[in-house]
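protein38.tsv follows; it contains TSV, C-alpha atoms.
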chain	number	residue	atom	x	y	z
A	1183	MET	CA	9.85	-170.09	60.33
A	1184	THR	CA	9.12	-172.26	57.31
A	1185	THR	CA	12.01	-172.31	54.87
A	1186	TYR	CA	11.77	-174.04	51.52
A	1187	LEU	CA	14.81	-175.49	49.76
A	1188	PHE	CA	14.59	-175.67	45.97
A	1189	THR	CA	17.16	-177.78	44.16
A	1190	HIS	CA	17.43	-180.53	41.56
A	1191	GLU	CA	19.96	-183.26	40.91
A	1192	ASN	CA	20.11	-182.25	37.25
A	1193	CYS	CA	21.80	-179.01	38.25
A	1194	ILE	CA	24.80	-181.24	38.97
A	1195	GLY	CA	24.77	-182.30	35.29
A	1196	HIS	CA	26.19	-178.98	34.14
A	1197	ASP	CA	29.90	-179.81	33.73
A	1198	PRO	CA	32.23	-176.95	32.72
A	1199	GLY	CA	35.19	-179.32	32.57
A	1200	PRO	CA	38.07	-180.63	34.67
A	1201	MET	CA	39.73	-178.09	36.97
A	1202	HIS	CA	37.00	-175.52	36.38
A	1203	PRO	CA	36.16	-173.84	39.71
A	1204	GLU	CA	32.39	-173.91	39.08
A	1205	SER	CA	32.33	-177.68	39.39
A	1206	PRO	CA	29.45	-180.11	40.01
A	1207	ALA	CA	31.11	-180.89	43.36
A	1208	ARG	CA	29.98	-177.48	44.61
A	1209	LEU	CA	26.32	-178.41	44.60
A	1210	GLU	CA	27.05	-181.90	45.90
A	1211	ALA	CA	28.83	-180.33	48.89
A	1212	VAL	CA	25.97	-177.91	49.53
A	1213	THR	CA	23.23	-180.51	49.38
A	1214	LYS	CA	25.22	-182.85	51.61
A	1215	ALA	CA	25.58	-180.11	54.23
A	1216	LEU	CA	21.84	-179.49	54.14
A	1217	ARG	CA	21.01	-183.16	54.75
A	1218	THR	CA	22.24	-183.19	58.37
A	1219	PRO	CA	19.74	-183.35	61.25
A	1220	ASP	CA	20.00	-179.59	61.77
A	1221	PHE	CA	18.01	-179.19	58.58
A	1222	ASP	CA	15.26	-181.73	59.15
A	1223	ARG	CA	12.72	-178.89	59.19
A	1224	LEU	CA	13.68	-177.67	55.73
A	1225	VAL	CA	10.83	-178.23	53.28
A	1226	ARG	CA	12.53	-179.78	50.27
A	1227	GLN	CA	11.14	-179.07	46.84
A	1228	GLU	CA	12.21	-180.21	43.40
A	1229	ALA	CA	13.08	-177.25	41.21
A	1230	PRO	CA	10.85	-177.30	38.12
A	1231	LYS	CA	12.08	-176.51	34.63
A	1232	ALA	CA	11.43	-172.94	33.60
A	1233	ASN	CA	9.69	-172.26	30.34
A	1234	ILE	CA	11.04	-169.96	27.65
A	1235	ASP	CA	8.55	-167.23	28.54
A	1236	GLN	CA	9.89	-166.98	32.08
A	1237	ILE	CA	13.43	-166.44	30.81
A	1238	ALA	CA	12.39	-164.19	27.92
A	1239	ARG	CA	11.12	-161.64	30.46
A	1240	ILE	CA	14.75	-160.69	31.06
A	1241	HIS	CA	16.76	-161.96	28.06
A	1242	PRO	CA	15.85	-161.61	24.37
A	1243	ARG	CA	13.91	-164.67	23.29
A	1244	ASP	CA	16.21	-165.32	20.35
A	1245	LEU	CA	19.23	-165.33	22.67
A	1246	VAL	CA	17.55	-167.81	25.01
A	1247	GLU	CA	16.75	-170.09	22.10
A	1248	GLN	CA	20.28	-169.77	20.71
A	1249	ILE	CA	21.81	-170.77	24.04
A	1250	LEU	CA	19.52	-173.76	24.47
A	1251	ASP	CA	20.00	-174.82	20.85
A	1252	ALA	CA	23.78	-174.68	21.34
A	1253	VAL	CA	23.80	-177.25	24.16
A	1254	PRO	CA	25.99	-180.05	22.81
A	1255	SER	CA	24.99	-183.69	22.64
A	1256	GLU	CA	28.52	-184.59	23.73
A	1257	GLY	CA	31.65	-182.77	24.78
A	1258	ARG	CA	31.56	-179.04	25.52
A	1259	VAL	CA	31.00	-175.78	23.70
A	1260	MET	CA	32.57	-172.53	24.87
A	1261	ILE	CA	30.39	-169.47	25.36
A	1262	ASP	CA	33.28	-167.26	26.44
A	1263	GLY	CA	36.70	-167.86	27.95
A	1264	ASP	CA	35.21	-168.79	31.33
A	1265	THR	CA	31.81	-170.18	30.40
A	1266	SER	CA	31.03	-173.45	28.66
A	1267	MET	CA	28.14	-175.87	28.21
A	1268	SER	CA	28.01	-179.64	28.43
A	1269	PRO	CA	25.09	-181.93	27.52
A	1270	GLY	CA	23.50	-181.33	30.93
A	1271	SER	CA	23.82	-177.56	30.91
A	1272	GLY	CA	20.51	-176.70	29.27
A	1273	GLU	CA	18.39	-178.54	31.80
A	1274	ALA	CA	20.51	-177.26	34.69
A	1275	ALA	CA	19.97	-173.67	33.54
A	1276	LEU	CA	16.23	-174.22	33.14
A	1277	ARG	CA	16.01	-175.76	36.61
A	1278	GLY	CA	17.88	-172.75	38.01
A	1279	VAL	CA	15.40	-170.21	36.69
A	1280	GLY	CA	12.56	-172.57	37.56
A	1281	ALA	CA	13.77	-172.77	41.16
A	1282	LEU	CA	13.63	-168.99	41.55
A	1283	CYS	CA	10.16	-168.73	40.06
A	1284	ALA	CA	8.83	-171.59	42.18
A	1285	ALA	CA	10.39	-170.08	45.31
A	1286	VAL	CA	8.65	-166.78	44.59
A	1287	ASP	CA	5.36	-168.64	44.14
A	1288	ALA	CA	5.76	-170.43	47.49
A	1289	VAL	CA	6.70	-167.31	49.44
A	1290	SER	CA	4.03	-165.16	47.77
A	1291	ALA	CA	1.37	-167.75	48.60
A	1292	GLY	CA	2.43	-167.88	52.26
A	1293	GLN	CA	3.43	-171.52	52.03
A	1294	ALA	CA	6.99	-170.55	52.98
A	1295	ASP	CA	8.33	-167.62	54.98
A	1296	ASN	CA	11.49	-167.63	52.86
A	1297	ALA	CA	13.35	-169.92	50.48
A	1298	PHE	CA	16.86	-170.88	49.41
A	1299	CYS	CA	17.64	-172.06	45.87
A	1300	ALA	CA	20.62	-174.45	45.73
A	1301	ILE	CA	21.25	-174.32	42.01
A	1302	ARG	CA	23.96	-174.01	39.41
A	1303	PRO	CA	25.12	-172.56	37.10
A	1304	PRO	CA	25.09	-169.23	38.92
A	1305	GLY	CA	23.52	-166.21	37.25
A	1306	HIS	CA	24.45	-162.73	38.44
A	1307	HIS	CA	27.02	-162.05	35.71
A	1308	ALA	CA	24.60	-162.85	32.87
A	1309	GLU	CA	23.78	-159.57	31.14
A	1310	PRO	CA	20.64	-158.90	29.11
A	1311	SER	CA	22.22	-159.92	25.81
A	1312	ARG	CA	25.10	-162.19	26.77
A	1313	PRO	CA	26.02	-164.99	29.16
A	1314	MET	CA	29.37	-164.59	30.90
A	1315	GLY	CA	31.38	-165.36	34.02
A	1316	PHE	CA	30.17	-168.99	34.49
A	1317	CYS	CA	26.54	-167.75	34.10
A	1318	LEU	CA	24.02	-168.59	31.35
A	1319	PHE	CA	20.77	-166.94	32.52
A	1320	ASN	CA	20.34	-164.40	35.30
A	1321	ASN	CA	18.43	-166.52	37.79
A	1322	VAL	CA	17.83	-163.87	40.44
A	1323	VAL	CA	16.52	-161.29	37.96
A	1324	ALA	CA	14.20	-163.92	36.51
A	1325	GLY	CA	12.85	-164.42	40.01
A	1326	ALA	CA	12.47	-160.68	40.52
A	1327	GLU	CA	10.52	-160.29	37.28
A	1328	HIS	CA	8.35	-163.26	38.20
A	1329	ALA	CA	7.51	-161.52	41.48
A	1330	ARG	CA	6.54	-158.39	39.58
A	1331	GLN	CA	4.70	-159.84	36.61
A	1332	VAL	CA	2.94	-162.79	38.24
A	1333	HIS	CA	2.49	-161.67	41.84
A	1334	GLY	CA	2.16	-157.92	41.43
A	1335	ALA	CA	5.18	-156.87	43.48
A	1336	GLU	CA	5.94	-153.40	42.15
A	1337	ARG	CA	9.17	-152.67	44.04
A	1338	VAL	CA	11.79	-155.41	44.21
A	1339	ALA	CA	15.33	-155.46	45.61
A	1340	VAL	CA	18.37	-157.67	45.12
A	1341	VAL	CA	21.27	-157.63	47.60
A	1342	ASP	CA	24.42	-159.40	46.41
A	1343	PHE	CA	27.29	-160.35	48.74
A	1344	ASP	CA	29.21	-162.50	46.26
A	1345	VAL	CA	32.89	-161.48	46.09
A	1346	HIS	CA	32.41	-160.58	42.40
A	1347	HIS	CA	30.19	-157.70	41.39
A	1348	GLY	CA	26.81	-158.71	39.94
A	1349	ASN	CA	27.24	-156.76	36.70
A	1350	GLY	CA	24.38	-158.54	34.96
A	1351	THR	CA	21.87	-157.78	37.69
A	1352	GLN	CA	23.01	-154.16	37.82
A	1353	ALA	CA	22.64	-153.80	34.05
A	1354	MET	CA	19.11	-155.18	34.13
A	1355	PHE	CA	18.07	-152.92	37.04
A	1356	TRP	CA	19.83	-149.72	35.98
A	1357	GLU	CA	16.96	-147.90	34.25
A	1358	ASP	CA	14.03	-148.94	36.45
A	1359	ALA	CA	13.25	-146.81	39.51
A	1360	ASN	CA	11.23	-149.67	41.01
A	1361	LEU	CA	14.21	-152.02	41.07
A	1362	PHE	CA	16.99	-151.72	43.67
A	1363	PHE	CA	20.37	-153.43	43.52
A	1364	ALA	CA	23.06	-153.36	46.19
A	1365	SER	CA	26.38	-155.18	46.23
A	1366	THR	CA	29.42	-155.73	48.40
A	1367	HIS	CA	32.34	-157.07	46.37
A	1368	GLN	CA	36.10	-157.04	46.09
A	1369	MET	CA	37.67	-154.41	43.88
A	1370	PRO	CA	39.79	-154.66	41.82
A	1371	LEU	CA	38.46	-158.01	40.65
A	1372	TYR	CA	36.46	-159.56	37.80
A	1373	PRO	CA	34.30	-158.27	36.12
A	1374	GLY	CA	35.66	-154.79	36.82
A	1375	SER	CA	32.33	-153.06	37.42
A	1376	GLY	CA	30.81	-151.96	40.72
A	1377	ALA	CA	32.42	-148.61	41.52
A	1378	GLU	CA	30.67	-146.42	44.09
A	1379	SER	CA	29.94	-143.94	41.32
A	1380	GLU	CA	27.70	-146.50	39.54
A	1381	ARG	CA	24.38	-145.46	41.08
A	1382	GLY	CA	21.74	-146.28	38.47
A	1383	ALA	CA	19.52	-143.96	36.46
A	1384	HIS	CA	17.33	-143.29	39.50
A	1385	ASP	CA	19.87	-143.55	42.33
A	1386	ASN	CA	18.64	-147.13	42.70
A	1387	ILE	CA	22.06	-148.84	42.79
A	1388	VAL	CA	24.33	-149.02	45.85
A	1389	ASN	CA	27.82	-150.40	45.30
A	1390	VAL	CA	30.19	-151.00	48.20
A	1391	PRO	CA	33.54	-152.07	46.71
A	1392	LEU	CA	35.92	-153.53	49.30
A	1393	SER	CA	39.71	-153.73	49.19
A	1394	PRO	CA	41.47	-157.11	49.27
A	1395	TYR	CA	42.00	-158.45	52.80
A	1396	SER	CA	39.54	-155.93	54.27
A	1397	GLY	CA	37.67	-158.63	56.20
A	1398	SER	CA	34.65	-158.74	58.47
A	1399	ASP	CA	34.64	-155.16	59.69
A	1400	ALA	CA	34.49	-153.80	56.15
A	1401	LEU	CA	31.56	-156.04	55.28
A	1402	ARG	CA	29.63	-155.10	58.39
A	1403	ALA	CA	30.29	-151.41	57.94
A	1404	GLY	CA	29.39	-151.42	54.26
A	1405	LEU	CA	26.23	-153.47	54.65
A	1406	GLY	CA	25.16	-151.97	57.95
A	1407	GLU	CA	25.88	-148.32	57.25
A	1408	ARG	CA	25.17	-148.03	53.55
A	1409	ILE	CA	23.16	-150.89	52.08
A	1410	LEU	CA	20.66	-151.67	54.83
A	1411	PRO	CA	19.54	-148.05	55.34
A	1412	ALA	CA	19.11	-147.61	51.59
A	1413	LEU	CA	17.20	-150.88	51.39
A	1414	ARG	CA	14.84	-149.80	54.16
A	1415	GLU	CA	14.27	-146.44	52.50
A	1416	PHE	CA	13.51	-148.15	49.18
A	1417	ALA	CA	10.93	-150.34	51.01
A	1418	PRO	CA	10.72	-153.24	48.55
A	1419	GLU	CA	7.80	-155.62	48.46
A	1420	PHE	CA	10.16	-158.56	47.87
A	1421	ILE	CA	13.85	-159.04	48.69
A	1422	PHE	CA	16.21	-161.37	46.85
A	1423	VAL	CA	19.72	-162.33	47.91
A	1424	SER	CA	22.47	-163.27	45.47
A	1425	ALA	CA	24.27	-165.45	47.99
A	1426	GLY	CA	27.82	-166.00	46.84
A	1427	PHE	CA	30.26	-167.36	49.42
A	1428	ASP	CA	33.51	-166.75	47.57
A	1429	ALA	CA	34.47	-163.84	49.83
A	1430	HIS	CA	35.33	-166.47	52.45
A	1431	ALA	CA	38.91	-166.44	53.74
A	1432	ASP	CA	39.53	-169.94	52.35
A	1433	ASP	CA	38.18	-169.29	48.87
A	1434	PRO	CA	40.84	-169.54	46.13
A	1435	LEU	CA	39.47	-166.85	43.79
A	1436	ALA	CA	39.60	-163.72	45.99
A	1437	GLN	CA	40.88	-162.23	49.23
A	1438	LEU	CA	38.15	-160.57	51.29
A	1439	ASN	CA	38.64	-162.93	54.26
A	1440	PHE	CA	35.04	-163.26	55.42
A	1441	VAL	CA	34.09	-166.10	57.81
A	1442	GLU	CA	30.90	-168.07	58.38
A	1443	ASP	CA	29.75	-165.72	61.16
A	1444	ASP	CA	29.80	-162.84	58.68
A	1445	TYR	CA	27.35	-164.64	56.45
A	1446	GLY	CA	25.16	-165.45	59.43
A	1447	TRP	CA	25.15	-161.80	60.50
A	1448	ALA	CA	24.40	-160.55	56.98
A	1449	THR	CA	21.57	-163.07	56.61
A	1450	ALA	CA	19.98	-162.06	59.90
A	1451	GLU	CA	20.21	-158.37	59.03
A	1452	LEU	CA	18.57	-158.88	55.64
A	1453	LEU	CA	15.82	-160.99	57.18
A	1454	GLY	CA	15.25	-158.22	59.70
A	1455	VAL	CA	14.69	-155.68	56.95
A	1456	ALA	CA	12.42	-158.12	55.13
A	1457	ALA	CA	10.34	-158.60	58.30
A	1458	ASP	CA	9.96	-154.84	58.68
A	1459	VAL	CA	9.20	-153.81	55.10
A	1460	CYS	CA	7.75	-156.75	53.15
A	1461	ASP	CA	6.24	-159.28	55.58
A	1462	GLY	CA	9.45	-161.30	55.51
A	1463	ARG	CA	9.29	-162.12	51.80
A	1464	LEU	CA	12.85	-163.15	50.93
A	1465	VAL	CA	14.32	-165.60	48.44
A	1466	SER	CA	18.04	-166.40	48.35
A	1467	THR	CA	19.92	-168.12	45.56
A	1468	LEU	CA	23.38	-169.64	45.33
A	1469	GLU	CA	25.94	-167.74	43.31
A	1470	GLY	CA	29.70	-168.31	43.83
A	1471	GLY	CA	31.86	-170.13	46.37
A	1472	TYR	CA	34.71	-172.39	45.29
A	1473	ASN	CA	36.32	-173.92	48.37
A	1474	LEU	CA	34.02	-176.85	49.10
A	1475	ASP	CA	34.35	-176.80	52.88
A	1476	ALA	CA	33.99	-173.03	53.12
A	1477	LEU	CA	31.06	-173.13	50.73
A	1478	SER	CA	29.15	-175.89	52.48
A	1479	ASN	CA	29.75	-174.45	55.96
A	1480	SER	CA	28.74	-170.96	54.85
A	1481	VAL	CA	25.58	-172.17	53.11
A	1482	ALA	CA	24.68	-174.15	56.24
A	1483	THR	CA	25.06	-171.00	58.35
A	1484	HIS	CA	23.02	-168.95	55.87
A	1485	VAL	CA	20.15	-171.44	55.70
A	1486	ARG	CA	20.16	-172.10	59.44
A	1487	ILE	CA	19.62	-168.40	60.09
A	1488	MET	CA	16.84	-168.34	57.50
A	1489	MET	CA	15.10	-171.16	59.36
A	1490	GLU	CA	15.48	-169.57	62.79
A	1491	THR	CA	15.12	-165.83	62.37
Now, as a test, write the supplied structure out as structure tokens.
Amino acid sequence: MTTYLFTHENCIGHDPGPMHPESPARLEAVTKALRTPDFDRLVRQEAPKANIDQIARIHPRDLVEQILDAVPSEGRVMIDGDTSMSPGSGEAALRGVGALCAAVDAVSAGQADNAFCAIRPPGHHAEPSRPMGFCLFNNVVAGAEHARQVHGAERVAVVDFDVHHGNGTQAMFWEDANLFFASTHQMPLYPGSGAESERGAHDNIVNVPLSPYSGSDALRAGLGERILPALREFAPEFIFVSAGFDAHADDPLAQLNFVEDDYGWATAELLGVAADVCDGRLVSTLEGGYNLDALSNSVATHVRIMMET
């Protein structure tokens, strides 16, 4: 397998402030873990900057321009109670969307079998008309729209195993029968969405809320018995993964108690579906994960399986 890694040092320049869980150290830990000899075969690519048109496919253009214009020259500006921007935030956000679009290009062209985007800020909470929950632009949805509008993929799926529900992705997919979104997440927990009853306008949403402390068995049952069969039936032409690792037992923000082997299993299962339904076309992108050791070890497991499966 040929796996591409898209990242950029300027994604570290987004600084939400001291003690903020979505810290620059997250990406430093991830990229350090992926520099060991186990990952010598990774094809490393510099994430390009997205252009406004690529982001305006999913967010109103005036909102995109307002966010970028609000990037401060010094200090920080608050977007909401959890989300802020520093002088480096604009370029980091552009590199994030650019990474997803470039990854789609590489996989669609057959240069890569799959790709992982090590980027920040994350994106799955960003709704069509507002950033929120540490997220400025919805990176994974930008990648999905790039696959559709540039590469002609009609049916696209996103599977999200972050501990927080991807409310922004769900909102953007809700009305379109050719878009499929599935999520495992802790409930109750921020942002409060993701009930089983939230199924989309065309039965194209699958939510598997999990109780605190439910652990590995709940993940494997929810993904294996509900999400994977629905994903196969949907038969997407491209699969995206919102890869958050904050459901790990050591993460400080939640209590699902997953371990690295769970992420390896989930990754292998999703790659198996991709091999069967869409010639292996899969792009994964970093979302949450706030214990640095748990994050780096989990990402290493995730990417190792992508390289080997």
- Query: If we count all atoms listed in the file, what is near Leu1438 of chain A at a cut-off of 8 Å, once residues fewer than 2 positions away on the same chain are taken out, given as a PyMOL selection string?
  - Reply: chain A and resi 1345+1368+1392-1397+1429-1431+1436+1440
Please produce a file of the residues just selected, as a PDB file, in the coordinates of the input, where the atoms kept are C-alpha atoms.
ATOM      1  CA  VAL A1345      32.890-161.480  46.090  1.00  0.00           C
ATOM      2  CA  GLN A1368      36.100-157.040  46.090  1.00  0.00           C
ATOM      3  CA  LEU A1392      35.920-153.530  49.300  1.00  0.00           C
ATOM      4  CA  SER A1393      39.710-153.730  49.190  1.00  0.00           C
ATOM      5  CA  PRO A1394      41.470-157.110  49.270  1.00  0.00           C
ATOM      6  CA  TYR A1395      42.000-158.450  52.800  1.00  0.00           C
ATOM      7  CA  SER A1396      39.540-155.930  54.270  1.00  0.00           C
ATOM      8  CA  GLY A1397      37.670-158.630  56.200  1.00  0.00           C
ATOM      9  CA  ALA A1429      34.470-163.840  49.830  1.00  0.00           C
ATOM     10  CA  HIS A1430      35.330-166.470  52.450  1.00  0.00           C
ATOM     11  CA  ALA A1431      38.910-166.440  53.740  1.00  0.00           C
ATOM     12  CA  ALA A1436      39.600-163.720  45.990  1.00  0.00           C
ATOM     13  CA  PHE A1440      35.040-163.260  55.420  1.00  0.00           C
TER      14      PHE A1440
END
- Skipping near chain neighbours, those fewer than 3 positions away, what residues fall within 7 Å of segment 1464-1470 of chain A using all atoms listed in the file, listed as a PyMOL selection string? chain A and resi 1285-1286+1296-1301+1304-1305+1322+1344+1420-1428+1456
- Message: I need the residue nearest Val1212 of chain A from this list: A:Leu1435, A:Val1323, A:Leu1371, A:Ala1482. Use only C-alpha atoms for the distance.
- Response: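 Looking at the shortest contact to Val1212 of chain A, the residue is A:Ala1482.
Between Asn1321 of chain A and the residues A:Ile1249, A:Val1279, A:Ala1284, A:Leu1209, the shortest atom-to-atom distance, using all atoms listed in the file, involves A:Val1279.
Across the structure, atom CA of Arg1414 of chain A and atom CA of Met1183 of chain A are spaced 21.8 Å apart.
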- Selection: 7 Å around segment 1376-1379 of chain A, all atoms listed in the file, excl. self and same-chain fewer than 4 positions, as a list in words: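 Residues near the query, excluding close chain neighbours: His1347, Asn1389, Val1390 and Pro1391 of chain A.
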- Taking only C-alpha atoms into account, which of A:Ala1335, A:Phe1188, A:Gly1270, A:Glu1451 comes nearest Gly1257 of chain A? A:Gly1270
- Task: Measuring atom to atom with only C-alpha atoms, identify which of A:Ala1383, A:Leu1250, A:Ile1240, A:Leu1245 is nearest to Gln1331 of chain A.
- Result: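 Nearest candidate to Gln1331 of chain A out of A:Ala1383, A:Leu1250, A:Ile1240, A:Leu1245: A:Ile1240.
Considering the residues A:Arg1239, A:Asp1475, A:Gln1437, A:Glu1415 and counting all atoms listed in the file, Val1459 of chain A has its shortest atom-to-atom contact with A:Glu1415.
With all atoms listed in the file as the atoms that count, the residue of A:Gly1382, A:Gly1292, A:Pro1242, A:Gly1278 with the shortest distance to Arg1312 of chain A is A:Pro1242.
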- In Å, with one decimal, what is the gap from atom CA of Glu1210 of chain A to atom CA of Val1481 of chain A?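 We find that atom CA of Glu1210 of chain A and atom CA of Val1481 of chain A lie 12.2 Å from each other.
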- Can you tell me how far atom CA of Gln1227 of chain A sits from atom CA of Ala1211 of chain A, in Å to one decimal?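 Between atom CA of Gln1227 of chain A and atom CA of Ala1211 of chain A the gap works out to 17.9 Å.
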